[in-house]
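Asks: Just one file: protein_34.csv, with CSV, C-alpha atoms.
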chain,number,residue,atom,x,y,z
A,1177,MET,CA,29.4,16.4,131.9
A,1178,ILE,CA,30.4,19.6,130.1
A,1179,ALA,CA,32.9,20.5,127.5
A,1180,ILE,CA,34.9,23.7,128.2
A,1181,ARG,CA,36.7,25.3,125.3
A,1182,GLY,CA,39.6,27.7,125.3
A,1183,ALA,CA,42.6,28.9,123.3
A,1184,THR,CA,45.7,31.0,123.7
A,1185,THR,CA,48.7,32.0,121.6
A,1186,ILE,CA,52.5,32.2,122.2
A,1187,SER,CA,54.9,34.9,121.0
A,1188,ALA,CA,57.6,32.5,119.9
A,1189,ASP,CA,57.9,28.7,119.5
A,1190,THR,CA,59.9,28.0,122.6
A,1191,PRO,CA,59.4,25.6,125.5
A,1192,GLU,CA,59.3,28.5,127.9
A,1193,ASP,CA,56.5,30.3,126.0
A,1194,ILE,CA,54.5,27.1,125.6
A,1195,ARG,CA,54.8,26.2,129.3
A,1196,GLY,CA,53.7,29.7,130.4
A,1197,ALA,CA,50.8,30.0,127.9
A,1198,VAL,CA,49.3,26.5,128.7
A,1199,LYS,CA,49.6,27.0,132.4
A,1200,GLU,CA,47.9,30.4,132.3
A,1201,LEU,CA,45.1,29.1,130.1
A,1202,LEU,CA,44.3,26.0,132.2
A,1203,ILE,CA,44.4,27.9,135.5
A,1204,GLU,CA,42.1,30.6,134.0
A,1205,ILE,CA,39.6,27.9,132.8
A,1206,LYS,CA,39.8,26.2,136.1
A,1207,SER,CA,39.0,29.5,137.9
A,1208,ALA,CA,36.3,30.8,135.6
A,1209,ASN,CA,34.4,27.5,135.8
A,1210,GLY,CA,34.9,26.7,139.5
A,1211,LEU,CA,36.7,23.5,138.6
A,1212,GLU,CA,38.5,21.2,141.0
A,1213,ILE,CA,41.1,18.9,139.6
A,1214,GLU,CA,39.0,15.8,140.5
A,1215,ASN,CA,36.2,17.2,138.3
A,1216,ILE,CA,38.3,16.9,135.2
A,1217,VAL,CA,37.7,13.8,133.1
A,1218,CYS,CA,40.3,14.5,130.3
A,1219,ILE,CA,42.1,17.4,128.6
A,1220,MET,CA,42.5,17.5,124.8
A,1221,LEU,CA,44.9,20.0,123.4
A,1222,SER,CA,45.8,20.9,119.8
A,1223,ASN,CA,48.3,23.3,118.3
A,1224,THR,CA,49.0,24.8,115.0
A,1225,ALA,CA,51.7,23.3,112.8
A,1226,ASP,CA,54.2,26.2,113.6
A,1227,ILE,CA,54.5,25.0,117.2
A,1228,THR,CA,57.1,22.2,117.3
A,1229,SER,CA,59.5,22.8,120.2
A,1230,PHE,CA,57.4,21.4,123.0
A,1231,TYR,CA,54.2,19.3,123.4
A,1232,PRO,CA,51.4,21.4,125.0
A,1233,ALA,CA,50.2,18.2,126.7
A,1234,LYS,CA,53.5,17.9,128.5
A,1235,ALA,CA,53.2,21.6,129.5
A,1236,ALA,CA,49.8,20.8,131.0
A,1237,ARG,CA,51.2,17.9,133.0
A,1238,GLU,CA,54.0,20.1,134.3
A,1239,ALA,CA,51.4,22.7,135.3
A,1240,GLY,CA,49.7,20.2,137.7
A,1241,PHE,CA,47.0,18.9,135.3
A,1242,GLY,CA,48.4,15.4,134.9
A,1243,GLY,CA,45.9,13.6,137.1
A,1244,CYS,CA,43.7,12.9,134.1
A,1245,PRO,CA,44.2,11.6,130.5
A,1246,LEU,CA,45.9,14.2,128.3
A,1247,PHE,CA,45.6,14.1,124.5
A,1248,SER,CA,47.5,16.2,122.1
A,1249,SER,CA,47.1,16.7,118.3
A,1250,LEU,CA,48.5,18.7,115.5
A,1251,GLU,CA,46.2,20.9,113.5
A,1252,PRO,CA,46.4,21.1,109.7
A,1253,THR,CA,47.8,24.1,108.1
A,1254,ILE,CA,45.0,26.5,107.0
A,1255,GLU,CA,45.7,29.6,104.9
A,1256,GLY,CA,45.1,32.8,106.9
A,1257,ALA,CA,44.5,30.9,110.2
A,1258,LEU,CA,45.8,32.3,113.5
A,1259,LYS,CA,49.5,31.4,114.0
A,1260,LEU,CA,51.2,30.0,117.1
A,1261,CYS,CA,47.8,29.0,118.6
A,1262,ILE,CA,47.1,26.4,121.2
A,1263,ARG,CA,43.6,25.2,121.7
A,1264,VAL,CA,42.1,23.1,124.5
A,1265,MET,CA,38.9,21.3,125.3
A,1266,ILE,CA,38.3,20.0,128.9
A,1267,LEU,CA,35.7,17.4,129.6
A,1268,ALA,CA,34.5,17.8,133.2
A,1269,GLU,CA,31.9,16.4,135.6
A,1270,LEU,CA,30.0,19.6,136.3
A,1271,ASP,CA,26.3,20.4,136.1
A,1272,LYS,CA,26.5,24.1,134.9
A,1273,LYS,CA,27.0,26.1,131.8
A,1274,PRO,CA,30.6,26.1,130.7
A,1275,VAL,CA,32.6,29.4,130.5
A,1276,PRO,CA,35.0,29.4,127.6
A,1277,VAL,CA,38.3,31.2,127.9
A,1278,TYR,CA,40.3,32.8,125.1
A,1279,LEU,CA,43.5,34.6,126.0
A,1280,ARG,CA,46.2,36.6,124.3
A,1281,GLY,CA,46.0,36.7,120.5
A,1282,ALA,CA,43.3,34.0,120.6
A,1283,ALA,CA,40.9,36.5,122.0
A,1284,ASN,CA,40.2,37.6,118.4
A,1285,LEU,CA,38.7,34.1,117.8
A,1286,ARG,CA,35.9,34.9,120.2
A,1287,ARG,CA,35.5,38.6,120.5
A,1288,ASP,CA,31.9,38.0,121.6
A,1289,ILE,CA,33.1,36.6,124.9
A,1290,THR,CA,36.4,38.4,125.3
A,1291,LYS,CA,35.3,42.0,124.9
A,1292,LYS,CA,32.6,43.8,126.9
A,1293,LEU,CA,29.3,43.4,125.1
A,1294,VAL,CA,26.6,46.0,125.8
A,1295,ILE,CA,23.4,45.3,123.8
A,1296,ALA,CA,20.4,47.7,123.6
A,1297,LEU,CA,16.9,46.4,122.8
A,1298,ASP,CA,14.2,49.0,122.4
A,1299,GLY,CA,10.6,48.6,121.4
A,1300,PRO,CA,7.0,49.1,122.4
A,1301,ALA,CA,5.1,47.1,125.0
A,1302,GLY,CA,4.5,43.4,124.2
A,1303,SER,CA,6.9,43.3,121.3
A,1304,GLY,CA,8.9,40.5,122.8
A,1305,LYS,CA,12.0,42.5,123.6
A,1306,SER,CA,12.1,41.4,127.2
A,1307,THR,CA,11.8,37.8,126.3
A,1308,ALA,CA,14.5,38.2,123.7
A,1309,ALA,CA,16.7,40.1,126.1
A,1310,LYS,CA,16.5,37.5,128.8
A,1311,ASN,CA,17.2,34.6,126.3
A,1312,LEU,CA,20.0,36.5,124.6
A,1313,ALA,CA,21.7,37.3,128.0
A,1314,ARG,CA,21.4,33.6,129.0
A,1315,GLU,CA,22.9,32.3,125.7
A,1316,LEU,CA,25.7,34.9,125.8
A,1317,ASN,CA,26.3,34.3,129.5
A,1318,ILE,CA,26.0,38.0,130.4
A,1319,LEU,CA,23.8,40.1,132.6
A,1320,TYR,CA,20.2,41.0,131.7
A,1321,LEU,CA,19.1,44.3,133.0
A,1322,ASP,CA,15.3,44.8,132.9
A,1323,THR,CA,15.0,48.6,132.9
A,1324,GLY,CA,11.2,48.3,132.8
A,1325,ALA,CA,11.3,46.7,136.3
A,1326,MET,CA,13.1,49.8,137.5
A,1327,TYR,CA,10.3,52.2,136.3
A,1328,ARG,CA,7.6,49.8,137.6
A,1329,ALA,CA,9.3,50.0,141.0
A,1330,CYS,CA,9.2,53.8,140.9
A,1331,ALA,CA,5.5,53.6,140.1
A,1332,LEU,CA,4.9,51.1,142.9
A,1333,GLU,CA,6.7,53.3,145.4
A,1334,CYS,CA,4.5,56.3,144.4
A,1335,VAL,CA,1.4,54.1,144.8
A,1336,ASN,CA,2.5,52.9,148.2
A,1337,ARG,CA,3.0,56.4,149.4
A,1338,GLY,CA,-0.4,57.5,148.1
A,1339,ILE,CA,1.2,60.0,145.6
A,1340,ASP,CA,-0.8,61.7,142.9
A,1341,LEU,CA,1.1,60.7,139.7
A,1342,SER,CA,-0.1,63.8,138.0
A,1343,ASP,CA,1.9,65.9,140.6
A,1344,GLU,CA,5.4,66.0,139.3
A,1345,SER,CA,6.8,67.7,142.3
A,1346,ALA,CA,5.4,65.0,144.6
A,1347,VAL,CA,6.9,62.3,142.3
A,1348,LYS,CA,10.3,64.1,142.4
A,1349,ALA,CA,10.2,64.1,146.2
A,1350,VAL,CA,9.7,60.3,146.1
A,1351,MET,CA,12.7,60.0,143.7
A,1352,ASP,CA,14.9,62.0,146.0
A,1353,ASP,CA,14.9,59.3,148.7
A,1354,ILE,CA,13.7,56.1,146.9
A,1355,ASP,CA,15.4,53.0,148.2
A,1356,LEU,CA,15.7,51.0,145.0
A,1357,LYS,CA,18.3,48.3,144.4
A,1358,ILE,CA,18.8,45.8,141.6
A,1359,GLU,CA,20.2,42.5,142.7
A,1360,TYR,CA,21.0,39.2,141.0
A,1361,SER,CA,20.5,35.7,142.3
A,1362,GLY,CA,20.4,32.4,140.5
A,1363,GLY,CA,20.7,34.2,137.2
A,1364,ARG,CA,17.5,36.2,138.0
A,1365,GLN,CA,17.1,39.9,138.5
A,1366,ILE,CA,15.5,40.9,141.8
A,1367,THR,CA,14.0,44.3,142.3
A,1368,VAL,CA,14.3,45.4,145.9
A,1369,LEU,CA,12.3,48.3,147.1
A,1370,GLY,CA,12.7,49.5,150.7
A,1371,GLY,CA,14.5,46.3,151.5
A,1372,LYS,CA,11.6,44.1,150.1
A,1373,ASP,CA,11.7,41.9,147.0
A,1374,VAL,CA,8.9,43.4,144.8
A,1375,SER,CA,9.8,41.5,141.6
A,1376,GLU,CA,6.3,39.9,141.4
A,1377,GLU,CA,4.3,42.8,142.7
A,1378,ILE,CA,5.6,45.3,140.1
A,1379,ARG,CA,4.2,43.0,137.4
A,1380,ARG,CA,0.6,43.7,138.3
A,1381,PRO,CA,-1.2,45.1,135.2
A,1382,GLU,CA,-2.1,48.4,137.0
A,1383,ILE,CA,1.5,49.0,138.0
A,1384,SER,CA,2.7,48.4,134.4
A,1385,GLY,CA,0.3,51.1,133.2
A,1386,LEU,CA,1.4,53.6,135.8
A,1387,ALA,CA,5.1,52.9,135.0
A,1388,SER,CA,4.6,54.6,131.6
A,1389,LYS,CA,3.3,57.7,133.4
A,1390,VAL,CA,6.1,58.1,135.9
A,1391,SER,CA,8.7,57.4,133.3
A,1392,ALA,CA,7.7,60.5,131.4
A,1393,TYR,CA,9.0,62.7,134.2
A,1394,GLY,CA,12.6,63.9,133.9
A,1395,CYS,CA,13.3,63.4,137.6
A,1396,VAL,CA,12.5,59.8,137.3
A,1397,ARG,CA,14.4,59.1,134.1
A,1398,ARG,CA,17.5,60.9,135.2
A,1399,LYS,CA,17.6,58.8,138.4
A,1400,MET,CA,17.1,55.5,136.5
A,1401,VAL,CA,19.4,56.3,133.6
A,1402,GLU,CA,22.2,57.1,136.0
A,1403,MET,CA,21.8,53.7,137.5
A,1404,GLN,CA,21.6,52.0,134.2
A,1405,ARG,CA,24.7,53.6,132.8
A,1406,ARG,CA,26.6,52.8,135.9
A,1407,ILE,CA,25.7,49.1,135.5
A,1408,ALA,CA,26.6,49.1,131.8
A,1409,ALA,CA,30.0,50.7,132.4
A,1410,MET,CA,30.9,47.8,134.8
A,1411,MET,CA,30.0,44.7,132.8
A,1412,SER,CA,28.7,43.1,129.7
A,1413,CYS,CA,24.9,43.3,129.6
A,1414,VAL,CA,21.7,43.2,127.6
A,1415,MET,CA,19.4,46.1,128.4
A,1416,ASP,CA,15.9,46.6,127.2
A,1417,GLY,CA,13.5,49.5,127.4
A,1418,ARG,CA,12.1,52.4,125.4
A,1419,ASP,CA,15.1,54.6,124.9
A,1420,ILE,CA,18.2,52.5,125.5
A,1421,GLY,CA,19.8,53.0,122.1
A,1422,THR,CA,18.6,56.6,121.7
A,1423,ASN,CA,19.2,58.0,125.2
A,1424,VAL,CA,20.7,55.7,127.8
A,1425,LEU,CA,23.4,54.1,125.7
A,1426,PRO,CA,23.6,56.0,122.5
A,1427,ASN,CA,27.2,55.0,121.7
A,1428,THR,CA,26.7,51.2,122.2
A,1429,GLU,CA,27.7,49.2,119.1
A,1430,HIS,CA,24.7,46.8,119.2
A,1431,LYS,CA,21.3,48.3,118.9
A,1432,PHE,CA,18.0,46.6,118.1
A,1433,TYR,CA,14.4,47.9,117.8
A,1434,VAL,CA,12.0,45.0,118.5
A,1435,THR,CA,8.5,45.5,117.4
A,1436,ALA,CA,5.3,43.6,116.4
A,1437,SER,CA,1.8,44.5,115.3
A,1438,VAL,CA,-0.6,45.9,117.9
A,1439,GLU,CA,-2.9,42.8,117.6
A,1440,VAL,CA,0.0,40.4,118.1
A,1441,ARG,CA,1.3,42.3,121.1
A,1442,ALA,CA,-2.2,42.5,122.7
A,1443,LYS,CA,-2.7,38.7,122.3
A,1444,ARG,CA,0.6,38.0,124.0
A,1445,ARG,CA,-0.2,40.3,126.9
A,1446,TYR,CA,-3.7,38.9,127.2
A,1447,ASP,CA,-2.4,35.3,127.3
A,1448,GLU,CA,0.3,36.3,129.8
A,1449,ASP,CA,-2.1,38.0,132.2
A,1450,ARG,CA,-4.7,35.3,132.0
A,1451,ALA,CA,-2.0,32.7,132.8
A,1452,LYS,CA,-1.3,34.7,135.9
A,1453,GLY,CA,-4.9,34.7,136.9
A,1454,TYR,CA,-5.8,38.3,136.1
A,1455,ASP,CA,-9.3,39.0,134.8
A,1456,VAL,CA,-8.5,41.0,131.6
A,1457,SER,CA,-10.2,41.8,128.3
A,1458,TYR,CA,-8.4,41.5,125.0
A,1459,GLU,CA,-10.2,44.6,123.6
A,1460,ASN,CA,-9.2,46.7,126.6
A,1461,ILE,CA,-5.6,45.5,126.2
A,1462,VAL,CA,-5.6,46.6,122.5
A,1463,LYS,CA,-6.9,50.0,123.6
A,1464,GLU,CA,-4.3,50.3,126.4
A,1465,ILE,CA,-1.4,49.3,124.1
A,1466,ARG,CA,-2.5,51.9,121.5
A,1467,GLU,CA,-2.7,54.6,124.2
A,1468,ARG,CA,0.6,53.6,125.7
A,1469,ASP,CA,2.4,53.6,122.3
A,1470,LYS,CA,1.0,57.1,121.7
A,1471,ARG,CA,2.1,58.3,125.2
A,1472,ASP,CA,5.5,56.7,125.0
A,1473,SER,CA,6.3,58.1,121.5
A,1474,GLU,CA,4.9,61.6,122.1
A,1475,ARG,CA,6.5,62.3,125.6
A,1476,GLU,CA,8.9,65.2,125.6
A,1477,ILE,CA,11.7,63.4,127.5
A,1478,ALA,CA,13.4,60.4,125.8
A,1479,PRO,CA,10.4,59.3,123.6
A,1480,LEU,CA,10.1,55.8,122.2
A,1481,ARG,CA,11.7,55.7,118.8
A,1482,CYS,CA,14.0,53.6,116.7
A,1483,ALA,CA,17.6,54.7,116.7
A,1484,GLU,CA,18.9,55.5,113.3
A,1485,ASP,CA,21.6,52.8,113.5
A,1486,ALA,CA,19.4,50.2,115.1
A,1487,VAL,CA,18.4,46.9,113.4
A,1488,VAL,CA,14.7,46.4,113.3
A,1489,VAL,CA,13.4,43.0,114.5
A,1490,ASP,CA,9.7,42.4,113.7
A,1491,THR,CA,8.7,39.5,115.8
A,1492,SER,CA,5.1,39.4,114.6
A,1493,SER,CA,5.7,36.0,112.9
A,1494,MET,CA,8.8,35.0,114.8
A,1495,THR,CA,9.1,32.5,117.6
A,1496,PRO,CA,11.2,33.6,120.6
A,1497,GLU,CA,14.0,31.3,119.5
A,1498,GLU,CA,14.0,32.8,116.0
A,1499,ALA,CA,14.1,36.3,117.3
A,1500,VAL,CA,17.2,35.6,119.5
A,1501,GLY,CA,18.9,33.7,116.6
A,1502,PHE,CA,18.3,36.7,114.3
A,1503,ILE,CA,19.8,39.1,116.9
A,1504,LYS,CA,22.8,36.9,117.6
A,1505,ASN,CA,23.6,36.6,113.9
A,1506,LYS,CA,23.5,40.4,113.6
A,1507,ILE,CA,25.8,40.8,116.6
A,1508,GLN,CA,28.2,38.2,115.2
A,1509,GLU,CA,28.4,40.1,111.9
A,1510,LYS,CA,29.9,43.1,113.8
A,1511,ILE,CA,32.3,41.2,115.9
Please go through the file and, once you have read it, give me the structure as structure tokens.
Replies:
Amino acid sequence: MIAIRGATTISADTPEDIRGAVKELLIEIKSANGLEIENIVCIMLSNTADITSFYPAKAAREAGFGGCPLFSSLEPTIEGALKLCIRVMILAELDKKPVPVYLRGAANLRRDITKKLVIALDGPAGSGKSTAAKNLARELNILYLDTGAMYRACALECVNRGIDLSDESAVKAVMDDIDLKIEYSGGRQITVLGGKDVSEEIRRPEISGLASKVSAYGCVRRKMVEMQRRIAAMMSCVMDGRDIGTNVLPNTEHKFYVTASVEVRAKRRYDEDRAKGYDVSYENIVKEIRERDKRDSEREIAPLRCAEDAVVVDTSSMTPEEAVGFIKNKIQEKI
């Protein structure tokens, strides 16, 4: 069973306004959550004390939601609270994450879910930004775009074609006709290259290293940035990478720079690769991370750096849950 919350406002305390607002809110909640009437266990409504002309519960019954128990209550008067507000909580027999709905003036109660959120997380390899981005997107019920996967796919395509990655003109030729698509299924990003799902293949250690090399080329970055901006313009999303806040989405309101010590990052990568069955050396990973940090921060095009208005998140001594909690609190402060 899940609890689905929602709220709306009316422009005037009249039966007509109350009927219209309640019907709109309940229909929107039903649609957003894929609800059927038979899934609904009960509907609990409340209204601010300035609504007296008509019971919201009666409006719900008239709107076709009378097949379950309906409860209605009056909220206490609170100084500075939103006026002419109707709230609802629906208990339903569903096995999925609830989608709350806030309409009209009540949208200001939950701007985090009623306005488009575009969140940029930058940082060096192994800092925990991808884990934070995935968890953040899941908790906020918005899209996670793994930009690193896009650059890994570019590197994989070059490898598959036998391209010398030091030959920029050859890499550009690959970019001119690369067949790369980003799809989503079951809440998971799928990287499709030439019609094939390469989501696991691009995670091989050697491909991760090569991704840093191809991403230094302007032809590669222009192609990928165009795709990334197009996605961000269409929907709320969390995007992580090296230059999201400084180059890809410089005007986004929510920017974070996720970092950690080299030793901590190396240990994380070592444990991850060993768990996947790769034969790796901790010392080599430390060396590779230092080299990659230097390469990423010194490249001419869109180097790795912390945006001036980004919030720094040092995850060296944070759990993944603590990192996400910290970021969520900072976002809430702005909205």
Asks: So, with all atoms listed in the file as the atoms that count, which of A:Val1500, A:Ala1296, A:Ile1262, A:Met1177 lies closest to Arg1195 (chain A)?
Replies: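 For Arg1195 (chain A), the nearest of the given residues is A:Ile1262.
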Asks: Which protein, DNA or RNA residues are at most 8 Å from (3.7, 64.8, 136.0) in the file's coordinates when you count all atoms listed in the file, listed as a PyMOL selection string?
Replies: chain A and resi 1341-1345+1347+1389-1390+1392-1393
Asks: For region 1220-1233 of chain A, find every residue with an atom within 12 Å (counting all atoms listed in the file), except residues of its own chain fewer than 6 positions away, and show them as a compact mmCIF listing (two decimals) with C-alpha atoms, keeping the file's coordinate frame.
Replies:
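Full text of around33.txt as output:
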# COMPACT_ATOMS: atom_id res chain seq x y z
CA ALA A 1179 32.90 20.50 127.50
CA ILE A 1180 34.90 23.70 128.20
CA ARG A 1181 36.70 25.30 125.30
CA GLY A 1182 39.60 27.70 125.30
CA ALA A 1183 42.60 28.90 123.30
CA THR A 1184 45.70 31.00 123.70
CA THR A 1185 48.70 32.00 121.60
CA ILE A 1186 52.50 32.20 122.20
CA SER A 1187 54.90 34.90 121.00
CA ALA A 1188 57.60 32.50 119.90
CA ASP A 1189 57.90 28.70 119.50
CA THR A 1190 59.90 28.00 122.60
CA PRO A 1191 59.40 25.60 125.50
CA GLU A 1192 59.30 28.50 127.90
CA ASP A 1193 56.50 30.30 126.00
CA ILE A 1194 54.50 27.10 125.60
CA ARG A 1195 54.80 26.20 129.30
CA GLY A 1196 53.70 29.70 130.40
CA ALA A 1197 50.80 30.00 127.90
CA VAL A 1198 49.30 26.50 128.70
CA LYS A 1199 49.60 27.00 132.40
CA LEU A 1201 45.10 29.10 130.10
CA LEU A 1202 44.30 26.00 132.20
CA ALA A 1239 51.40 22.70 135.30
CA GLY A 1240 49.70 20.20 137.70
CA PHE A 1241 47.00 18.90 135.30
CA GLY A 1242 48.40 15.40 134.90
CA CYS A 1244 43.70 12.90 134.10
CA PRO A 1245 44.20 11.60 130.50
CA LEU A 1246 45.90 14.20 128.30
CA PHE A 1247 45.60 14.10 124.50
CA SER A 1248 47.50 16.20 122.10
CA SER A 1249 47.10 16.70 118.30
CA LEU A 1250 48.50 18.70 115.50
CA GLU A 1251 46.20 20.90 113.50
CA PRO A 1252 46.40 21.10 109.70
CA THR A 1253 47.80 24.10 108.10
CA ILE A 1254 45.00 26.50 107.00
CA GLU A 1255 45.70 29.60 104.90
CA ALA A 1257 44.50 30.90 110.20
CA LEU A 1258 45.80 32.30 113.50
CA LYS A 1259 49.50 31.40 114.00
CA LEU A 1260 51.20 30.00 117.10
CA CYS A 1261 47.80 29.00 118.60
CA ILE A 1262 47.10 26.40 121.20
CA ARG A 1263 43.60 25.20 121.70
CA VAL A 1264 42.10 23.10 124.50
CA MET A 1265 38.90 21.30 125.30
CA ILE A 1266 38.30 20.00 128.90
CA LEU A 1267 35.70 17.40 129.60
CA ALA A 1268 34.50 17.80 133.20
Asks: Show me, as a Markdown table, the residues of region 1334-1389 of chain A having an atom within 12 Å of region 1431-1449 of chain A, each with the closest atom pair and its distance in Å, using all atoms listed in the file.
Replies:
| residue | atom | partner | partner_atom | distance |
| --- | --- | --- | --- | --- |
| A:Arg1379 | CA | A:Asp1449 | CA | 9.6 |
| A:Arg1380 | CA | A:Asp1449 | CA | 8.8 |
| A:Pro1381 | CA | A:Asp1449 | CA | 7.8 |
| A:Glu1382 | CA | A:Asp1449 | CA | 11.5 |
| A:Ser1384 | CA | A:Arg1445 | CA | 11.4 |
Asks: Between A:Val1294, A:Met1410, A:Ala1451, A:Ile1354, which has the minimum distance to Val1424 (chain A) (counting all atoms listed in the file)?
Replies: A:Val1294
Asks: Calculated over all atoms listed in the file, which of the candidates A:Asn1209, A:Thr1323, A:Ser1303, A:Asn1215 has the smallest distance to Lys1272 (chain A)?
Replies: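 Checking each candidate against Lys1272 (chain A), we get A:Asn1209 as the closest.
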Asks: Pop region 1266-1279 of chain A out of the structure in the block and write N, CA and C atoms as a short mmCIF file (atom, residue, chain, number, x, y, z; two decimals), in the first residue's frame.
Replies:
data_model
loop_
_atom_site.label_atom_id
_atom_site.label_comp_id
_atom_site.auth_asym_id
_atom_site.auth_seq_id
_atom_site.Cartn_x
_atom_site.Cartn_y
_atom_site.Cartn_z
N ILE A 1266 -4.25 9.98 -0.46
CA ILE A 1266 -4.94 8.80 -0.96
C ILE A 1266 -4.14 7.57 -0.57
N LEU A 1267 -4.80 6.62 0.09
CA LEU A 1267 -4.17 5.33 0.35
C LEU A 1267 -4.61 4.37 -0.75
N ALA A 1268 -3.64 3.74 -1.39
CA ALA A 1268 -3.97 2.89 -2.54
C ALA A 1268 -3.16 1.60 -2.52
N GLU A 1269 -3.76 0.56 -3.05
CA GLU A 1269 -3.10 -0.74 -3.16
C GLU A 1269 -2.27 -0.76 -4.44
N LEU A 1270 -1.05 -0.25 -4.34
CA LEU A 1270 -0.12 -0.23 -5.47
C LEU A 1270 1.27 -0.55 -4.96
N ASP A 1271 2.06 -1.19 -5.79
CA ASP A 1271 3.44 -1.52 -5.43
C ASP A 1271 4.38 -0.70 -6.30
N LYS A 1272 4.41 0.60 -6.05
CA LYS A 1272 5.26 1.50 -6.82
C LYS A 1272 5.48 2.78 -6.02
N LYS A 1273 6.42 3.57 -6.45
CA LYS A 1273 6.70 4.82 -5.75
C LYS A 1273 5.60 5.83 -6.06
N PRO A 1274 5.00 6.45 -5.04
CA PRO A 1274 3.92 7.41 -5.29
C PRO A 1274 4.42 8.68 -5.96
N VAL A 1275 3.57 9.26 -6.78
CA VAL A 1275 3.88 10.53 -7.45
C VAL A 1275 2.97 11.60 -6.85
N PRO A 1276 3.48 12.49 -6.02
CA PRO A 1276 2.65 13.54 -5.44
C PRO A 1276 2.25 14.57 -6.49
N VAL A 1277 1.13 15.24 -6.28
CA VAL A 1277 0.64 16.23 -7.24
C VAL A 1277 0.24 17.49 -6.48
N TYR A 1278 0.82 18.61 -6.86
CA TYR A 1278 0.51 19.90 -6.25
C TYR A 1278 0.14 20.88 -7.36
N LEU A 1279 -1.10 21.38 -7.32
CA LEU A 1279 -1.62 22.21 -8.39
C LEU A 1279 -1.91 23.64 -7.93
#
